[in-house]
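Everything below concerns the one structure shown next.
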Amino acid sequence: MTDHMPDDLSAAGRDLRAYTDELRPAHPVVRNVAGEWVLLRHDLVVSAAEDDVTFSSAVSRHLQVPNGLDGDDHAAFRAVLDPFLSAEALAPFVPVFEGIAADLAASAPRGVPVDAVADLGTRFAVRAQSAWLGWSPSLEDRLVGWVGENHAATRSGDRLWTQDVAEDFDALILSVLEPRREAAAGDEPGDVTVQLMRTRVRGRRLTDDEIVSVLRNWTGGDLGSLALCVGVVVHHLATHPELQDRLRGGVADAELDAVVDEILRIDNPFVSNRRVTTCPVEVAGVALPAGARVKLHWTSANRDEDVFGTPDDFDPAGHAAANLVYGIGRHACPGRLLSTVDLRVAVRALLAATTSITLAPGQPAEREIAPVGGWARVPVLLG
Ligand code: HEM
């Protein structure tokens with residue numbers, strides 16, 4: 001184990017997967033240049049995620065509902081927010097998502113390169129998420145612009161820029177809340193945003209700051225994640241024509257979902273989440289003090305050879321139980337079902353509208369740069 005790795009795991013030009021594959025066997029815990037302890041091994045990531053008393057999620061001075069909360073506060077918010085993302089709550093939106101995906105796949109140009117991340121993933125994610133929340137389609141370009149800027153700011157590591165981008169987003173969300181105040185005070189069922197504005201936690205209404213934070217979580221980060229997931233899945237399909245043909249021939253939802261999850265395990269674009277230790281703790285023989293900043297590296301853990309054998313081996317059924325794409329423990333992703341449905345619908349529509357998806361010749365796909373994972377651009381030809 002090294003004390004200080006002279007690297008922040010984000011060196012430009014390196015593929016995060018290859019880099020963490022190389023580090024993990026000898027250095028299951030590394031310290032990056034920001035002073036964070038990065039857990040790379042599957043068992044370490046799982047143990048830390050499941051020990052939410054020692055590994056607190058209160059990592060930011062900004063309000064983050066529910067992800068920055070611990071203990072009873074966290075549980076109280078999850079109890080009132082999770083129902084928005086249940087199978088029952090999402091069921092009416094599935095046909096809406098299907099319509100959006102079918103339109104997008106049908107209108108995507110043929111014979112010229114289409115970027116699976118920007119042209120398909122981001123557009124689909126923004127339209128689907130807006131439809132779910134009841135937001136006007138006129139916000140689409142602003143949201144798409146925001147996803148791009150948020151990525152650029154995150155990649156740059158420039159905190160001020162990242163903060164500016166976050167503030168832009170908060171302003172956008174407030175502009176969505178303002179015209180709904182009256183509806184939120186009334187009795188009509190209203191859209192999902194109105195229902196969120198009416199939500200009560202511990203007997204009181206959510207504050208504006210809490211609502212903004214929840215919506216930031218439901219949209220801000222996740223529009224980008226969904227777009228990246230689409231990029232990873234489309235890249236895999238374009239480079240595995242036999243799998244593409246098998247799926248195009250028709251498979252049950254459960255099988256398609258397992259295939260998508262396994263593709264994302266191999267190349268997990270949602271790289272890591274932060275924690276802070278509440279007391280001294282030893283991790284793989286390394287003594288972490290109280291107050292240590294820790295990163296759970298999902299991308300690396302999902303490629304741990306001790307759990308998955310050769311990291312790139314494709315085994316949807318065999319690897320499902322240990323797959324960490326949506327996290328584990330009390331903070332595990334409440335949006336898993338929504339993402340799964342979105343990805344299923346998007347992949348199905350794309351396969352149904354095409355006879356082939358291939359990488360565009362002469363336009364190589366480009367990897368994202370850590371801390372973002374997956375592909376930045378995946379130019380494909382739709383046949
Ligand atoms: C697109 C693919 C997505 C991936 C790969 C993903 C992954 C994750 C992971 C790994 C966590 C655990 C974080 C932690 O332990 O600190 C998480 C948490 C979370 N996700 Fe997702 N997510 C996705 C989409 C979504 C969507 C669509 C939503 C909501 C609409 C969502 C809402 C959340 C929230 C609110 C949390 C925080 C939960 C908590 O701290 O209790 N996610 N997600």
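For the structure tokens, the naming scheme is as follows: chains receive sequential letters (A, B, ...) according to their order of presentation, residues are indexed from 1 within each chain, and ligands are indexed from 1 in presentation order.
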Please provide the set of residues having any atom within 10 Å of range 224-235 of chain A, restricted to only C-alpha atoms, with same-chain residues fewer than 4 positions apart removed, written as a ChimeraX atom specification. /A:115-126,144,146-148,150-151,219-220,239-240,244,259-264,266-271,339-340,342-344,346-347,350-351,357-359,365,367-368,372-380
Compile a residue-level contact table for chain A against ligand 1 at a cut-off of 6 Å, reporting for every qualifying residue the shortest atom pair and its distance in Å to one decimal, with only C-alpha atoms and all ligand atoms counted, rows ordered by chain and ascending number, as a tab-separated table.
residue	atom	partner	partner_atom_place_in_ligand_line	distance
A:Pro66	CA	ligand 1	40 (O)	5.0
A:Asn67	CA	ligand 1	40 (O)	3.0
A:Asn217	CA	ligand 1	35 (C)	5.2
A:Trp218	CA	ligand 1	30 (C)	3.8
A:Asp222	CA	ligand 1	24 (C)	4.9
A:Ser225	CA	ligand 1	1 (C)	4.4
A:Leu226	CA	ligand 1	1 (C)	3.7
A:Phe270	CA	ligand 1	5 (C)	5.1
A:Asn273	CA	ligand 1	16 (O)	4.8
A:Val325	CA	ligand 1	5 (C)	5.3
A:Tyr326	CA	ligand 1	10 (C)	4.0
A:Gly327	CA	ligand 1	10 (C)	3.8
A:His331	CA	ligand 1	41 (O)	3.5
A:Ala332	CA	ligand 1	12 (C)	4.5
A:Cys333	CA	ligand 1	17 (C)	3.6
A:Pro334	CA	ligand 1	33 (C)	5.3
A:Gly335	CA	ligand 1	28 (C)	3.6
A:Arg336	CA	ligand 1	24 (C)	5.9
A:Leu338	CA	ligand 1	27 (C)	5.5
A:Ser339	CA	ligand 1	27 (C)	4.8
Expressed in Å to a single decimal, how great is the separation between CA of Ala153 in chain A and CA of His297 in chain A?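 Computing it gives 20.3 Å between the two atoms.
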Residues near Ser156 in chain A, anyone? I mean within 10 Å using only C-alpha atoms, not counting same-chain ones fewer than 6 positions away, as a short mmCIF file (atom, residue, chain, number, x, y, z; two decimals) with N, CA, C and O atoms, in the first residue's frame.
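result20.cif was written with the following content:
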data_model
loop_
_atom_site.label_atom_id
_atom_site.label_comp_id
_atom_site.auth_asym_id
_atom_site.auth_seq_id
_atom_site.Cartn_x
_atom_site.Cartn_y
_atom_site.Cartn_z
N ASN A 150 -21.87 21.46 -17.45
CA ASN A 150 -21.61 20.78 -16.18
C ASN A 150 -20.48 19.77 -16.34
O ASN A 150 -19.58 19.68 -15.51
N THR A 162 -17.48 25.13 -11.44
CA THR A 162 -18.48 24.13 -11.06
C THR A 162 -19.59 24.78 -10.23
O THR A 162 -20.78 24.50 -10.41
N ILE A 369 -12.81 12.13 -19.62
CA ILE A 369 -11.64 12.33 -18.77
C ILE A 369 -12.11 12.30 -17.32
O ILE A 369 -13.12 12.93 -16.98
N ALA A 370 -11.37 11.55 -16.45
CA ALA A 370 -11.75 11.45 -15.04
C ALA A 370 -11.86 12.87 -14.46
O ALA A 370 -11.10 13.74 -14.88
N PRO A 371 -12.76 13.16 -13.55
CA PRO A 371 -13.58 12.22 -12.80
C PRO A 371 -14.83 11.72 -13.52
O PRO A 371 -15.65 11.03 -12.89
#
I want to know what sits within 12 Å of Asp164 in chain A, based on only C-alpha atoms, with residues of the same chain fewer than 3 positions away left out; could you give that as a JSON list (two decimals) with all heavy atoms, in the first residue's frame?
[["chain", "number", "residue", "atom", "x", "y", "z"],
["A", 146, "TRP", "N", -26.81, 22.99, -20.35],
["A", 146, "TRP", "CA", -26.34, 22.86, -18.98],
["A", 146, "TRP", "C", -25.58, 21.55, -18.78],
["A", 146, "TRP", "O", -24.53, 21.52, -18.13],
["A", 146, "TRP", "CB", -27.52, 22.95, -18.00],
["A", 146, "TRP", "CG", -27.01, 22.92, -16.60],
["A", 146, "TRP", "CD1", -26.60, 23.98, -15.85],
["A", 146, "TRP", "CD2", -26.79, 21.75, -15.81],
["A", 146, "TRP", "NE1", -26.14, 23.55, -14.64],
["A", 146, "TRP", "CE2", -26.24, 22.19, -14.58],
["A", 146, "TRP", "CE3", -27.00, 20.39, -16.01],
["A", 146, "TRP", "CZ2", -25.92, 21.30, -13.57],
["A", 146, "TRP", "CZ3", -26.66, 19.51, -15.00],
["A", 146, "TRP", "CH2", -26.12, 19.97, -13.79],
["A", 149, "GLU", "N", -22.12, 21.96, -20.16],
["A", 149, "GLU", "CA", -21.29, 22.86, -19.35],
["A", 149, "GLU", "C", -20.92, 22.21, -18.01],
["A", 149, "GLU", "O", -19.80, 22.34, -17.53],
["A", 149, "GLU", "CB", -22.08, 24.16, -19.11],
["A", 149, "GLU", "CG", -21.34, 25.12, -18.23],
["A", 149, "GLU", "CD", -21.15, 26.49, -18.86],
["A", 149, "GLU", "OE1", -21.77, 26.75, -19.91],
["A", 149, "GLU", "OE2", -20.39, 27.29, -18.29],
["A", 150, "ASN", "N", -21.87, 21.46, -17.45],
["A", 150, "ASN", "CA", -21.61, 20.78, -16.18],
["A", 150, "ASN", "C", -20.48, 19.77, -16.34],
["A", 150, "ASN", "O", -19.58, 19.68, -15.51],
["A", 150, "ASN", "CB", -22.89, 20.09, -15.70],
["A", 150, "ASN", "CG", -22.73, 19.49, -14.31],
["A", 150, "ASN", "OD1", -22.12, 20.09, -13.44],
["A", 150, "ASN", "ND2", -23.26, 18.30, -14.12],
["A", 153, "ALA", "N", -17.18, 21.64, -16.71],
["A", 153, "ALA", "CA", -16.73, 22.19, -15.43],
["A", 153, "ALA", "C", -16.21, 21.08, -14.52],
["A", 153, "ALA", "O", -15.17, 21.22, -13.87],
["A", 153, "ALA", "CB", -17.87, 22.95, -14.76],
["A", 154, "THR", "N", -16.93, 19.94, -14.48],
["A", 154, "THR", "CA", -16.50, 18.82, -13.62],
["A", 154, "THR", "C", -15.13, 18.32, -14.07],
["A", 154, "THR", "O", -14.24, 18.08, -13.24],
["A", 154, "THR", "CB", -17.52, 17.66, -13.70],
["A", 154, "THR", "OG1", -18.81, 18.20, -13.46],
["A", 154, "THR", "CG2", -17.23, 16.59, -12.68],
["A", 158, "ASP", "N", -12.23, 22.84, -11.81],
["A", 158, "ASP", "CA", -12.28, 24.24, -11.38],
["A", 158, "ASP", "C", -13.53, 24.43, -10.51],
["A", 158, "ASP", "O", -14.66, 24.44, -10.99],
["A", 158, "ASP", "CB", -12.34, 25.13, -12.64],
["A", 158, "ASP", "CG", -12.42, 26.61, -12.31],
["A", 158, "ASP", "OD1", -12.84, 26.94, -11.18],
["A", 158, "ASP", "OD2", -12.08, 27.41, -13.18],
["A", 159, "ARG", "N", -13.29, 24.60, -9.19],
["A", 159, "ARG", "CA", -14.42, 24.63, -8.26],
["A", 159, "ARG", "C", -15.34, 25.82, -8.47],
["A", 159, "ARG", "O", -16.55, 25.72, -8.32],
["A", 159, "ARG", "CB", -13.93, 24.61, -6.81],
["A", 159, "ARG", "CG", -13.59, 23.21, -6.38],
["A", 159, "ARG", "CD", -13.08, 23.14, -4.97],
["A", 159, "ARG", "NE", -12.59, 21.79, -4.72],
["A", 159, "ARG", "CZ", -13.28, 20.87, -4.07],
["A", 159, "ARG", "NH1", -14.45, 21.14, -3.57],
["A", 159, "ARG", "NH2", -12.76, 19.67, -3.89],
["A", 160, "LEU", "N", -14.73, 26.97, -8.84],
["A", 160, "LEU", "CA", -15.55, 28.16, -9.03],
["A", 160, "LEU", "C", -16.48, 28.00, -10.23],
["A", 160, "LEU", "O", -17.66, 28.37, -10.19],
["A", 160, "LEU", "CB", -14.65, 29.39, -9.25],
["A", 160, "LEU", "CG", -14.07, 29.98, -7.97],
["A", 160, "LEU", "CD1", -13.19, 31.17, -8.29],
["A", 160, "LEU", "CD2", -15.19, 30.37, -7.00],
["A", 161, "TRP", "N", -15.91, 27.43, -11.30],
["A", 161, "TRP", "CA", -16.72, 27.18, -12.50],
["A", 161, "TRP", "C", -17.85, 26.21, -12.14],
["A", 161, "TRP", "O", -19.03, 26.43, -12.46],
["A", 161, "TRP", "CB", -15.83, 26.65, -13.62],
["A", 161, "TRP", "CG", -16.52, 26.51, -14.95],
["A", 161, "TRP", "CD1", -17.76, 26.97, -15.28],
["A", 161, "TRP", "CD2", -16.01, 25.85, -16.13],
["A", 161, "TRP", "NE1", -18.05, 26.66, -16.59],
["A", 161, "TRP", "CE2", -17.00, 25.97, -17.12],
["A", 161, "TRP", "CE3", -14.82, 25.18, -16.43],
["A", 161, "TRP", "CZ2", -16.83, 25.42, -18.40],
["A", 161, "TRP", "CZ3", -14.65, 24.66, -17.70],
["A", 161, "TRP", "CH2", -15.64, 24.78, -18.68],
["A", 167, "GLU", "N", -25.07, 27.08, -9.73],
["A", 167, "GLU", "CA", -25.97, 28.19, -9.46],
["A", 167, "GLU", "C", -26.90, 28.46, -10.65],
["A", 167, "GLU", "O", -28.08, 28.76, -10.48],
["A", 167, "GLU", "CB", -25.17, 29.45, -9.10],
["A", 167, "GLU", "CG", -24.72, 29.39, -7.64],
["A", 167, "GLU", "CD", -23.64, 30.41, -7.29],
["A", 167, "GLU", "OE1", -23.42, 31.35, -8.08],
["A", 167, "GLU", "OE2", -23.01, 30.24, -6.23],
["A", 168, "ASP", "N", -26.36, 28.32, -11.87],
["A", 168, "ASP", "CA", -27.21, 28.45, -13.07],
["A", 168, "ASP", "C", -28.36, 27.46, -13.00],
["A", 168, "ASP", "O", -29.49, 27.77, -13.34],
["A", 168, "ASP", "CB", -26.43, 28.07, -14.35],
["A", 168, "ASP", "CG", -25.54, 29.20, -14.81],
["A", 168, "ASP", "OD1", -25.63, 30.27, -14.19],
["A", 168, "ASP", "OD2", -24.77, 28.97, -15.77],
["A", 169, "PHE", "N", -28.01, 26.25, -12.56],
["A", 169, "PHE", "CA", -29.02, 25.21, -12.52],
["A", 169, "PHE", "C", -30.07, 25.52, -11.47],
["A", 169, "PHE", "O", -31.28, 25.32, -11.70],
["A", 169, "PHE", "CB", -28.35, 23.86, -12.23],
["A", 169, "PHE", "CG", -29.25, 22.72, -12.58],
["A", 169, "PHE", "CD1", -29.54, 22.45, -13.89],
["A", 169, "PHE", "CD2", -29.84, 21.95, -11.60],
["A", 169, "PHE", "CE1", -30.40, 21.41, -14.23],
["A", 169, "PHE", "CE2", -30.70, 20.93, -11.92],
["A", 169, "PHE", "CZ", -30.97, 20.65, -13.23],
["A", 170, "ASP", "N", -29.63, 26.03, -10.33],
["A", 170, "ASP", "CA", -30.59, 26.38, -9.28],
["A", 170, "ASP", "C", -31.55, 27.45, -9.78],
["A", 170, "ASP", "O", -32.74, 27.42, -9.49],
["A", 170, "ASP", "CB", -29.85, 26.88, -8.03],
["A", 170, "ASP", "CG", -29.08, 25.74, -7.36],
["A", 170, "ASP", "OD1", -29.16, 24.60, -7.88],
["A", 170, "ASP", "OD2", -28.41, 25.98, -6.35],
["A", 171, "ALA", "N", -31.02, 28.41, -10.57],
["A", 171, "ALA", "CA", -31.88, 29.47, -11.10],
["A", 171, "ALA", "C", -32.90, 28.87, -12.06],
["A", 171, "ALA", "O", -34.09, 29.23, -12.05],
["A", 171, "ALA", "CB", -31.02, 30.52, -11.82]]
Which value, in Å to one decimal, gives the distance between CA of Gly99 in chain A and CA of Val194 in chain A?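 Going from CA of Gly99 in chain A over to CA of Val194 in chain A covers 23.5 Å.
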